[in-house]
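Notes follow once the structure below has been shown.
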Amino acid sequence: MAKDKAYARVDRKFAKAHRSGARKLDLLAGDLTELPESLGQLTQLQSLTIFGNKLTALPESLGQLTQLQSLRILDNQLTALPESIGQLTQLQSLMLNSNQLTALPESLTELKALRKLYLHDNRFRVFPNPILGLTGLELLAIGGRNGLTSLPDSIDRLANLETLDLGNGELMSLPSALAGLGKLKRLVLTGNPLNPELAAAYNEGLDAVKRYLRANATGKVVLNEAKLILIGEGEVGKTCLLGALRGDPWEEGRPTTHGIEIKPVKVTAPAGGMEITLNGWDFGGQPVYRPTHQLFFSAPAVYLVVWKPREGPQQGFVKEWIKLVKHREPEAKILVVATHGGPKERQPDIDRQEIWDLFGKDTVIDFLSVESKPNEKGERQDIAKLKDVIARVAASLPEMGRSVPKHWHEARKRLRQSKEAYLPLDRVFAICKEHNIEEEDARLLLRICRRVGDMIYYEHDPVLREIVVIKPDWLATAMSFVLEDKQTRESHGLVEFTRLGEVWNDPSRPAESRYHASLHPLFLRLMERFDLSYKVAVPTEPEDALSLWQRVGRTLGIARQPPAELHYTSLVAQLVPDVRPELDLAREWSELASNGDHQQVQICRIVETQNGRSATAEGLFFQLIVRLHKYSLGRASYRQSVHWQRGLVLDDDYNGRALLEHVGNDIRITVRAPYPQAFLAVLTHEVKWLVESFWKGMRCDVMVPCIEPCGRKAPGTGLYEVQKLVESKRDGHPLYPCPVCNKWQDIDCLLRNAPAARPDSVVELLAEFGTVRAALDGARQQLMVLRGETMGRFDKLDLGTQRILSKVDDAFTGLMTAFTDEAKEGPRLFSFVPVDPGFLDRPKWLSEKFRITLWCERSRLPLPTLNGKDDNRGVYELSLPRDWFVTAAPFLKVLTGTLSLVVPVASSATKLVLDDAAYKGIEKQLDLGQKSLDSVLKGSGIAGDWLGHGDAPDVERGAAIEAHGAVLRQVQAWLKEKDPGFGGLVRVQNRRQEFLWVHPQFEKEY
Ligand SMILES: Nc1nc2c(ncn2[C@@H]2O[C@H](COP(=O)(O)OP(=O)(O)OP(=O)(O)O)[C@@H](O)[C@H]2O)c(=O)[nH]1
Ligand SMILES: [Mg+2]
């Protein structure tokens, strides 16, 4: 029998290891179901790995391996551990992930030397108590399939914990005691169904989570609250329905809803009688609002898709509305409600089965028909029944009954009850103070409210930072007036500030729908924040818009006219022309790429996550027009720009020119440049990020088109998914068939169109460091002359140099992307020099003092360069142990190398000019840092395992990033101990919500 053979083979292997006195033994993938007791003879073993077998138990003799320091039995089927494991008192690392353990033996607490314990993907369900006795533990991973729903209150007994990985579990909340883990540096909670407030805090970083938990410790309240979102075509009766649910008196001839109106509804859950407060969000039905309205769809919510039988479900676009919700909130609970259900009215006629087949009964919970208008007796038919169903669905939402910090809840309630639509920040702080919330906590509360969708607050924006919008509907209505404006539509979305003023303060409207002029600059800024518009460059208008805005911002709350000189022109992306501007397009995008440019194409294919079917991401292209406007051809003068509802031409200097087209549901991106990969990667990343972060029910697959030789003589017709090509290549297949013509094509050739699969630019660049650096120095000299220009600054550089510059950008972006997570906790860019350079001659050093300097990620310059030479903020001395330095060297080498590459051109990106002395000074420091690394790496050259190889399996790549990330986090922790303010760097968020650490002078750009 196979098992016996395997067993015998292992038995022999043990005997052999015993004879040779082996310290290390690995048993890799196989069919082993049990281990021979002879294991116990391997008393000299220090490391044992058994990976990918079918072991269900371990022999008691395991306990005899008292020299074991590392035991790894992963990816097996263990259901229990022997008691004897407690005898392994030398054990430092125990890896038991991906087994079927449900409990741990008490004896585990004997493992006093244990530092790392990996238990993820087992079957624990509840936190195993013996772990709490392992007080020396520094790392614990217990997420994944264990499905833990809670952690014990005494988790703080693990006082030495530095990393706690709970990823992909079933946690909704955490015990307050977790905040007491003083050494904790890394907490992983991704993939858990966290309650919205905790999720928001987690997105802010570890400090925020601790703050939130400490607030929880002072008292909690149970929240029975959710949103009730009413959507559907115009005039179907949404507003009347919300009125009926609230019991408001009937109003004949209601006006149409502009934007959104929010009003509360109270319901009682039929079972248990729980009182539930629902915030009813009544959305205006005009199609032009649709892209903006999705912004406000957020859990926890019950959705009502409203339609009118007289016009039919087809006319009411019932299916389209359900899709719109589902694309954004795949877990949404929807009720389909027919209005106008009076006795003389047409009865609802809708194919319920079809809808259930399409969306499932988990999504579309029920179909109802009501009459919102009261009859002579004042009764509204079936409204009570609808309320019951709403209450039942609301009560079943997972977020219902969650607890939040009591003080915070009270402050939030008080803010919401305020009559004002917005409040100055000081006032908000004062209210928080009355509820015993200090300013730092109040800031976090605001950030959480913003993430949860309750309030609107932008802390880094110079115009908006002093104001908190408490009533989002008030703002949505103001925005809707612009979207509805005929004049703006007729001028293809271009609108001057004075016109916006007229729209927002239209005397023909009732007083409550008019907005004072002092608010208009804020509204414009908020429209920009919501990706609805951007300010275009009109050469006659003042250039430094922000400084003017700042002045206006200061007048906040004071009723007075905005300064007369404020006359910007903005572009409302949703209103750009529908027809392609053929002439402009021909001018800026010729039939063929010019000499020396390479052209590459990628398609971002947008599909529903659930079934892979192509789907519409409503308003995606408009968001792209706004989000990518920094690359617009019109960035110096608006008239040069080329865009329409389904197309856009972009330019990024040496990184090339791009054409984006919205073809069907997909986005097709073509880039022409000496090195098109860099810009292509930036653009596909932006589209992919936007789709997958905004529409949780959608996915963006990056595809490449087929090439010559094409069976149909039409290369570009067939599309290949980049991910599949990469996997295929890894499995050793060099060719892949075309999905259209079935001809086999060379994967490497296809992938040349695919930045996602190319090797890391940084590795290539560092391999030829000398040449690259010389080219960059040359470019720097040329750019110094042209530094004032916005466009065309780089045109004079030769193609080879442009190519290198592009690659450098690419390398820098790659580095930042790899460490997106780490940026939550601290800055990512720093350089270092040994305090005593003489140490290089002492090969046996044990610990050495280094001077660490923090850099700004926006300007890509060290802090002292930005603050002035004599300013020592952001410069620290640290003693680094040699062991650590050696482990960290691969990461440090790439970091230092990348910084050396970006420094020459960094200054031109922000138009900051570095004089030669400063530039040389920085280069010298970086070189000295490199030398220290070379001395420990002993010429092994560039970090061989840097992010794994391009073709390496994801796990390996993941492990490499993880190891480098650990180095970075350690440096962040050391620096934070010395200076929690990180030298004055400000943590900001880019438009992708990724954190960056920048010098205060750049804060306003975010
Ligand atoms: N008889 C009857 N009339 C209704 C009912 N619901 C709405 N109406 C009528 O339909 C008109 C439009 O209803 P609204 O509630 O304003 O429609 P809406 O969906 O909010 O429209 P928008 O805000 O423009 O998107 C109202 O003026 C009512 O007279 C109903 O259930 N029965
Ligand atoms: Mg309405």
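Identifiers in this document derive from the order of the structure tokens: chains are assigned A, B, ..., residues are numbered from 1 separately in each chain, and ligands are numbered from 1 in order of occurrence.
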
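Around range 433-445 of chain A, within 8 Å and counting only C-alpha atoms, the residues found are Ala201, Ala208, Arg211, His407, Trp408, Glu410 and Ala411 of chain A, once anything fewer than 5 positions away on its own chain is removed.
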
Mind running chain A against ligand 2 at 9 Å and telling me each contacting residue's nearest atom pair with the distance in Å (one decimal), counting only C-alpha atoms and all ligand atoms, chain and number ascending, as CSV?
residue,atom,partner,partner_atom_place_in_ligand_line,distance
A:Gly234,CA,ligand 2,1 (Mg),7.1
A:Glu235,CA,ligand 2,1 (Mg),6.7
A:Val236,CA,ligand 2,1 (Mg),8.1
A:Gly237,CA,ligand 2,1 (Mg),6.6
A:Lys238,CA,ligand 2,1 (Mg),5.3
A:Thr239,CA,ligand 2,1 (Mg),4.1
A:Cys240,CA,ligand 2,1 (Mg),7.3
A:Arg254,CA,ligand 2,1 (Mg),7.9
A:Pro255,CA,ligand 2,1 (Mg),7.3
A:Thr256,CA,ligand 2,1 (Mg),5.0
A:Thr257,CA,ligand 2,1 (Mg),4.0
A:His258,CA,ligand 2,1 (Mg),7.6
A:Gly259,CA,ligand 2,1 (Mg),8.9
A:Ile260,CA,ligand 2,1 (Mg),8.3
A:Glu261,CA,ligand 2,1 (Mg),8.3
A:Asp282,CA,ligand 2,1 (Mg),6.6
A:Phe283,CA,ligand 2,1 (Mg),6.5
A:Gly284,CA,ligand 2,1 (Mg),5.1
A:Gly285,CA,ligand 2,1 (Mg),6.9

Print the selection's residues with N, CA and C atoms to a file, as a PDB file, in the first residue's frame.
ATOM      1  N   GLY A 234     -37.405  59.062 -12.172  1.00  0.00           N
ATOM      2  CA  GLY A 234     -38.084  60.277 -11.730  1.00  0.00           C
ATOM      3  C   GLY A 234     -39.594  60.072 -11.667  1.00  0.00           C
ATOM      4  N   GLU A 235     -40.238  60.745 -10.748  1.00  0.00           N
ATOM      5  CA  GLU A 235     -41.708  60.791 -10.690  1.00  0.00           C
ATOM      6  C   GLU A 235     -42.386  59.462 -10.375  1.00  0.00           C
ATOM      7  N   VAL A 236     -41.649  58.471  -9.891  1.00  0.00           N
ATOM      8  CA  VAL A 236     -42.326  57.198  -9.615  1.00  0.00           C
ATOM      9  C   VAL A 236     -42.964  57.188  -8.228  1.00  0.00           C
ATOM     10  N   GLY A 237     -42.646  58.193  -7.422  1.00  0.00           N
ATOM     11  CA  GLY A 237     -43.281  58.276  -6.113  1.00  0.00           C
ATOM     12  C   GLY A 237     -42.363  57.997  -4.934  1.00  0.00           C
ATOM     13  N   LYS A 238     -41.065  58.248  -5.068  1.00  0.00           N
ATOM     14  CA  LYS A 238     -40.125  57.984  -3.965  1.00  0.00           C
ATOM     15  C   LYS A 238     -40.367  58.920  -2.793  1.00  0.00           C
ATOM     16  N   THR A 239     -40.490  60.217  -3.117  1.00  0.00           N
ATOM     17  CA  THR A 239     -40.661  61.189  -2.040  1.00  0.00           C
ATOM     18  C   THR A 239     -41.990  60.961  -1.310  1.00  0.00           C
ATOM     19  N   CYS A 240     -43.043  60.677  -2.086  1.00  0.00           N
ATOM     20  CA  CYS A 240     -44.343  60.412  -1.455  1.00  0.00           C
ATOM     21  C   CYS A 240     -44.253  59.168  -0.567  1.00  0.00           C
ATOM     22  N   ARG A 254     -46.211  67.484  -5.276  1.00  0.00           N
ATOM     23  CA  ARG A 254     -44.872  67.730  -4.702  1.00  0.00           C
ATOM     24  C   ARG A 254     -43.878  68.115  -5.792  1.00  0.00           C
ATOM     25  N   PRO A 255     -42.948  68.992  -5.485  1.00  0.00           N
ATOM     26  CA  PRO A 255     -41.922  69.294  -6.502  1.00  0.00           C
ATOM     27  C   PRO A 255     -40.955  68.115  -6.632  1.00  0.00           C
ATOM     28  N   THR A 256     -40.270  68.051  -7.778  1.00  0.00           N
ATOM     29  CA  THR A 256     -39.295  66.988  -7.993  1.00  0.00           C
ATOM     30  C   THR A 256     -38.131  67.158  -7.005  1.00  0.00           C
ATOM     31  N   THR A 257     -37.461  66.075  -6.680  1.00  0.00           N
ATOM     32  CA  THR A 257     -36.365  66.157  -5.709  1.00  0.00           C
ATOM     33  C   THR A 257     -35.066  66.542  -6.416  1.00  0.00           C
ATOM     34  N   HIS A 258     -34.439  67.577  -5.919  1.00  0.00           N
ATOM     35  CA  HIS A 258     -33.123  67.947  -6.438  1.00  0.00           C
ATOM     36  C   HIS A 258     -32.081  67.304  -5.545  1.00  0.00           C
ATOM     37  N   GLY A 259     -31.269  66.456  -6.148  1.00  0.00           N
ATOM     38  CA  GLY A 259     -30.231  65.820  -5.332  1.00  0.00           C
ATOM     39  C   GLY A 259     -30.844  64.815  -4.370  1.00  0.00           C
ATOM     40  N   ILE A 260     -30.639  65.054  -3.075  1.00  0.00           N
ATOM     41  CA  ILE A 260     -31.061  64.079  -2.055  1.00  0.00           C
ATOM     42  C   ILE A 260     -31.780  64.801  -0.921  1.00  0.00           C
ATOM     43  N   GLU A 261     -32.751  64.099  -0.326  1.00  0.00           N
ATOM     44  CA  GLU A 261     -33.316  64.611   0.933  1.00  0.00           C
ATOM     45  C   GLU A 261     -33.237  63.503   1.976  1.00  0.00           C
ATOM     46  N   ASP A 282     -33.742  59.964   0.275  1.00  0.00           N
ATOM     47  CA  ASP A 282     -34.614  60.024  -0.888  1.00  0.00           C
ATOM     48  C   ASP A 282     -33.844  60.669  -2.041  1.00  0.00           C
ATOM     49  N   PHE A 283     -33.560  59.871  -3.053  1.00  0.00           N
ATOM     50  CA  PHE A 283     -32.727  60.353  -4.167  1.00  0.00           C
ATOM     51  C   PHE A 283     -33.590  60.859  -5.308  1.00  0.00           C
ATOM     52  N   GLY A 284     -33.244  62.029  -5.836  1.00  0.00           N
ATOM     53  CA  GLY A 284     -33.910  62.530  -7.034  1.00  0.00           C
ATOM     54  C   GLY A 284     -33.659  61.554  -8.172  1.00  0.00           C
ATOM     55  N   GLY A 285     -34.676  61.362  -9.041  1.00  0.00           N
ATOM     56  CA  GLY A 285     -34.578  60.299 -10.041  1.00  0.00           C
ATOM     57  C   GLY A 285     -33.934  60.684 -11.363  1.00  0.00           C
TER      58      GLY A 285
END

Near-range 93-95 of chain A list (7 Å; only C-alpha atoms; drop same-chain fewer than 5 positions) as a PyMOL selection string
chain A and resi 69-74+114-119

Using DSSP on the backbone coordinates, identify all residues within range 266-443 of chain A classified as alpha helix (DSSP H); present the result as an MDAnalysis selection string.
chainID A and resid 290:293 312:315 318:328 352:359 383:396 406:417 425:434 439:443

If you count only C-alpha atoms, which residues fall within 8 Å of range 172-185 of chain A, apart from same-chain ones fewer than 6 positions away, as a ChimeraX atom specification?
/A:149-156,158-164,192-195,198,206,209-211,213-214,216-217,969,973

Do you know which residues are at most 6 Å from range 480-497 of chain A counting only C-alpha atoms, after dropping those on the same chain fewer than 5 positions away, and could you put them as a VMD selection string?
chain A and resid 259 567 to 572 575 to 577

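Closest approach to Lys471 in chain A from the set A:Gly453, A:Gly965, A:Pro827, A:Gly647 is made by A:Gly453, with distances taken over only C-alpha atoms.
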
Do a neighbour search on Gln645 in chain A at 9 Å with only C-alpha atoms, toss out local chain neighbours closer than 3 positions, and write the hits as a list in words.
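In the requested format, the answer is Ala573, Gln574, Leu575, Val576, Pro577, Asp578, Val579, Arg580, Phe621, Phe622, Leu648 and His662 of chain A.
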
Dump of N, CA, C and O atoms for the selected residues, as a PDB file, in the first residue's frame:
ATOM      1  N   ALA A 573     -17.249  67.294 -15.685  1.00  0.00           N
ATOM      2  CA  ALA A 573     -16.904  66.208 -16.612  1.00  0.00           C
ATOM      3  C   ALA A 573     -18.136  65.525 -17.198  1.00  0.00           C
ATOM      4  O   ALA A 573     -18.141  65.110 -18.343  1.00  0.00           O
ATOM      5  N   GLN A 574     -19.210  65.441 -16.392  1.00  0.00           N
ATOM      6  CA  GLN A 574     -20.381  64.728 -16.870  1.00  0.00           C
ATOM      7  C   GLN A 574     -21.024  65.413 -18.067  1.00  0.00           C
ATOM      8  O   GLN A 574     -21.840  64.817 -18.744  1.00  0.00           O
ATOM      9  N   LEU A 575     -20.714  66.681 -18.260  1.00  0.00           N
ATOM     10  CA  LEU A 575     -21.395  67.435 -19.301  1.00  0.00           C
ATOM     11  C   LEU A 575     -20.513  67.680 -20.528  1.00  0.00           C
ATOM     12  O   LEU A 575     -20.838  68.506 -21.372  1.00  0.00           O
ATOM     13  N   VAL A 576     -19.401  66.966 -20.644  1.00  0.00           N
ATOM     14  CA  VAL A 576     -18.552  67.169 -21.830  1.00  0.00           C
ATOM     15  C   VAL A 576     -19.309  66.663 -23.061  1.00  0.00           C
ATOM     16  O   VAL A 576     -20.246  65.865 -22.942  1.00  0.00           O
ATOM     17  N   PRO A 577     -18.915  67.114 -24.285  1.00  0.00           N
ATOM     18  CA  PRO A 577     -19.685  66.753 -25.476  1.00  0.00           C
ATOM     19  C   PRO A 577     -19.717  65.248 -25.712  1.00  0.00           C
ATOM     20  O   PRO A 577     -18.787  64.531 -25.340  1.00  0.00           O
ATOM     21  N   ASP A 578     -20.811  64.795 -26.328  1.00  0.00           N
ATOM     22  CA  ASP A 578     -20.929  63.363 -26.598  1.00  0.00           C
ATOM     23  C   ASP A 578     -20.226  62.975 -27.895  1.00  0.00           C
ATOM     24  O   ASP A 578     -19.875  61.827 -28.090  1.00  0.00           O
ATOM     25  N   VAL A 579     -20.004  63.961 -28.778  1.00  0.00           N
ATOM     26  CA  VAL A 579     -19.439  63.641 -30.089  1.00  0.00           C
ATOM     27  C   VAL A 579     -17.920  63.799 -30.069  1.00  0.00           C
ATOM     28  O   VAL A 579     -17.389  64.721 -29.455  1.00  0.00           O
ATOM     29  N   ARG A 580     -17.232  62.896 -30.762  1.00  0.00           N
ATOM     30  CA  ARG A 580     -15.780  62.925 -30.797  1.00  0.00           C
ATOM     31  C   ARG A 580     -15.282  64.135 -31.585  1.00  0.00           C
ATOM     32  O   ARG A 580     -15.725  64.340 -32.724  1.00  0.00           O
ATOM     33  N   PHE A 621     -16.112  56.898 -16.651  1.00  0.00           N
ATOM     34  CA  PHE A 621     -15.288  57.709 -17.540  1.00  0.00           C
ATOM     35  C   PHE A 621     -15.229  59.170 -17.087  1.00  0.00           C
ATOM     36  O   PHE A 621     -14.203  59.825 -17.202  1.00  0.00           O
ATOM     37  N   PHE A 622     -16.334  59.655 -16.536  1.00  0.00           N
ATOM     38  CA  PHE A 622     -16.327  61.058 -16.064  1.00  0.00           C
ATOM     39  C   PHE A 622     -15.347  61.204 -14.906  1.00  0.00           C
ATOM     40  O   PHE A 622     -14.617  62.184 -14.804  1.00  0.00           O
ATOM     41  N   LEU A 648     -10.500  60.390 -24.357  1.00  0.00           N
ATOM     42  CA  LEU A 648      -9.669  61.369 -23.662  1.00  0.00           C
ATOM     43  C   LEU A 648      -8.215  61.193 -24.108  1.00  0.00           C
ATOM     44  O   LEU A 648      -7.720  60.079 -24.173  1.00  0.00           O
ATOM     45  N   HIS A 662     -13.556  54.672 -24.089  1.00  0.00           N
ATOM     46  CA  HIS A 662     -14.549  53.861 -23.404  1.00  0.00           C
ATOM     47  C   HIS A 662     -15.246  53.043 -24.489  1.00  0.00           C
ATOM     48  O   HIS A 662     -16.081  53.566 -25.215  1.00  0.00           O
TER      49      HIS A 662
END

If we count only C-alpha atoms and set the cut-off at 12 Å, which residues sit around Gln970 in chain A, ignoring sequence neighbours fewer than 2 positions away in its own chain? Please answer as a PyMOL selection string.
chain A and resi 162-163+183-186+822+825-828+878+880+884-885+887-888+963-968+972-977

Take the residues from that selection and put them in a file with N, CA and C atoms, as a short mmCIF file (atom, residue, chain, number, x, y, z; two decimals), in the first residue's frame.
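And here's selection.cif as it stands now:
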data_model
loop_
_atom_site.label_atom_id
_atom_site.label_comp_id
_atom_site.auth_asym_id
_atom_site.auth_seq_id
_atom_site.Cartn_x
_atom_site.Cartn_y
_atom_site.Cartn_z
N GLU A 162 4.27 41.89 18.84
CA GLU A 162 4.60 42.97 17.90
C GLU A 162 3.73 42.86 16.65
N THR A 163 3.43 41.61 16.26
CA THR A 163 2.60 41.41 15.07
C THR A 163 1.41 40.53 15.44
N LYS A 183 3.62 47.02 22.62
CA LYS A 183 4.69 46.79 21.65
C LYS A 183 4.15 46.49 20.26
N LEU A 184 2.84 46.41 20.15
CA LEU A 184 2.24 46.03 18.87
C LEU A 184 2.61 47.03 17.78
N LYS A 185 3.16 46.49 16.69
CA LYS A 185 3.54 47.36 15.57
C LYS A 185 2.68 47.07 14.36
N ARG A 186 2.15 45.86 14.30
CA ARG A 186 1.43 45.50 13.10
C ARG A 186 0.19 44.71 13.47
N GLU A 822 2.57 50.01 4.53
CA GLU A 822 3.48 50.53 5.54
C GLU A 822 3.27 52.03 5.72
N GLU A 825 1.50 53.68 8.76
CA GLU A 825 2.10 53.84 10.07
C GLU A 825 3.26 54.83 10.13
N GLY A 826 3.86 55.13 8.98
CA GLY A 826 4.98 56.06 9.02
C GLY A 826 5.57 56.30 7.64
N PRO A 827 6.52 57.26 7.56
CA PRO A 827 7.13 57.59 6.28
C PRO A 827 7.91 56.41 5.71
N ARG A 828 8.05 56.40 4.39
CA ARG A 828 8.72 55.27 3.75
C ARG A 828 10.08 55.63 3.18
N LEU A 878 20.70 56.65 15.21
CA LEU A 878 20.25 55.34 15.69
C LEU A 878 21.44 54.39 15.71
N LEU A 880 22.46 50.80 15.04
CA LEU A 880 21.90 49.64 14.35
C LEU A 880 22.78 48.43 14.59
N TRP A 884 20.87 43.00 12.26
CA TRP A 884 19.70 43.64 11.66
C TRP A 884 20.07 44.28 10.33
N PHE A 885 21.19 44.96 10.33
CA PHE A 885 21.64 45.68 9.14
C PHE A 885 21.84 44.71 7.97
N THR A 887 20.29 41.77 7.54
CA THR A 887 18.98 41.33 7.06
C THR A 887 18.31 42.44 6.26
N ALA A 888 18.51 43.65 6.72
CA ALA A 888 17.79 44.77 6.10
C ALA A 888 18.46 45.23 4.81
N ALA A 963 8.97 40.59 3.98
CA ALA A 963 10.24 40.72 4.69
C ALA A 963 10.77 42.15 4.59
N HIS A 964 10.68 42.74 3.41
CA HIS A 964 11.14 44.12 3.25
C HIS A 964 10.27 45.06 4.07
N GLY A 965 8.96 44.77 4.06
CA GLY A 965 8.02 45.59 4.82
C GLY A 965 8.38 45.58 6.30
N ALA A 966 8.82 44.40 6.79
CA ALA A 966 9.17 44.29 8.20
C ALA A 966 10.35 45.20 8.53
N VAL A 967 11.30 45.31 7.61
CA VAL A 967 12.45 46.19 7.82
C VAL A 967 11.96 47.64 7.95
N LEU A 968 11.12 48.01 7.01
CA LEU A 968 10.60 49.37 7.01
C LEU A 968 9.83 49.67 8.30
N GLN A 972 10.46 52.55 11.11
CA GLN A 972 9.39 53.46 11.51
C GLN A 972 9.19 53.44 13.02
N ALA A 973 9.22 52.24 13.60
CA ALA A 973 9.00 52.13 15.05
C ALA A 973 10.12 52.82 15.82
N TRP A 974 11.36 52.62 15.38
CA TRP A 974 12.49 53.26 16.07
C TRP A 974 12.37 54.78 16.00
N LEU A 975 12.07 55.27 14.79
CA LEU A 975 12.00 56.72 14.62
C LEU A 975 10.84 57.31 15.42
N LYS A 976 9.75 56.56 15.45
CA LYS A 976 8.57 57.05 16.14
C LYS A 976 8.84 57.21 17.63
N GLU A 977 9.65 56.29 18.18
CA GLU A 977 10.02 56.40 19.58
C GLU A 977 10.78 57.70 19.84
#

In Å to one decimal, how far is CA of Val469 in chain A from CA of Met455 in chain A?
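Atom-to-atom, CA of Met455 in chain A to CA of Val469 in chain A, that is 5.6 Å.
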
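The residue that comes closest to ligand 1, out of A:Tyr289, A:Tyr202, A:Trp474, A:Phe995 and on the basis of only C-alpha atoms and all ligand atoms, is A:Tyr289.
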
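Straight-line separation from CA of Pro739 in chain A to CA of Arg605 in chain A: 14.9 Å.
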
When you draw a straight line from CA of Gly697 in chain A to CA of Arg627 in chain A, how long is it in Å?
21.4 Å

Per DSSP on the backbone, what are the strand (DSSP E) residues of range 597-818 of chain A, as a ChimeraX atom specification?
/A:598-608,643-644,647-651,657-663,666-673,698-705,719-721,735-737,744-746
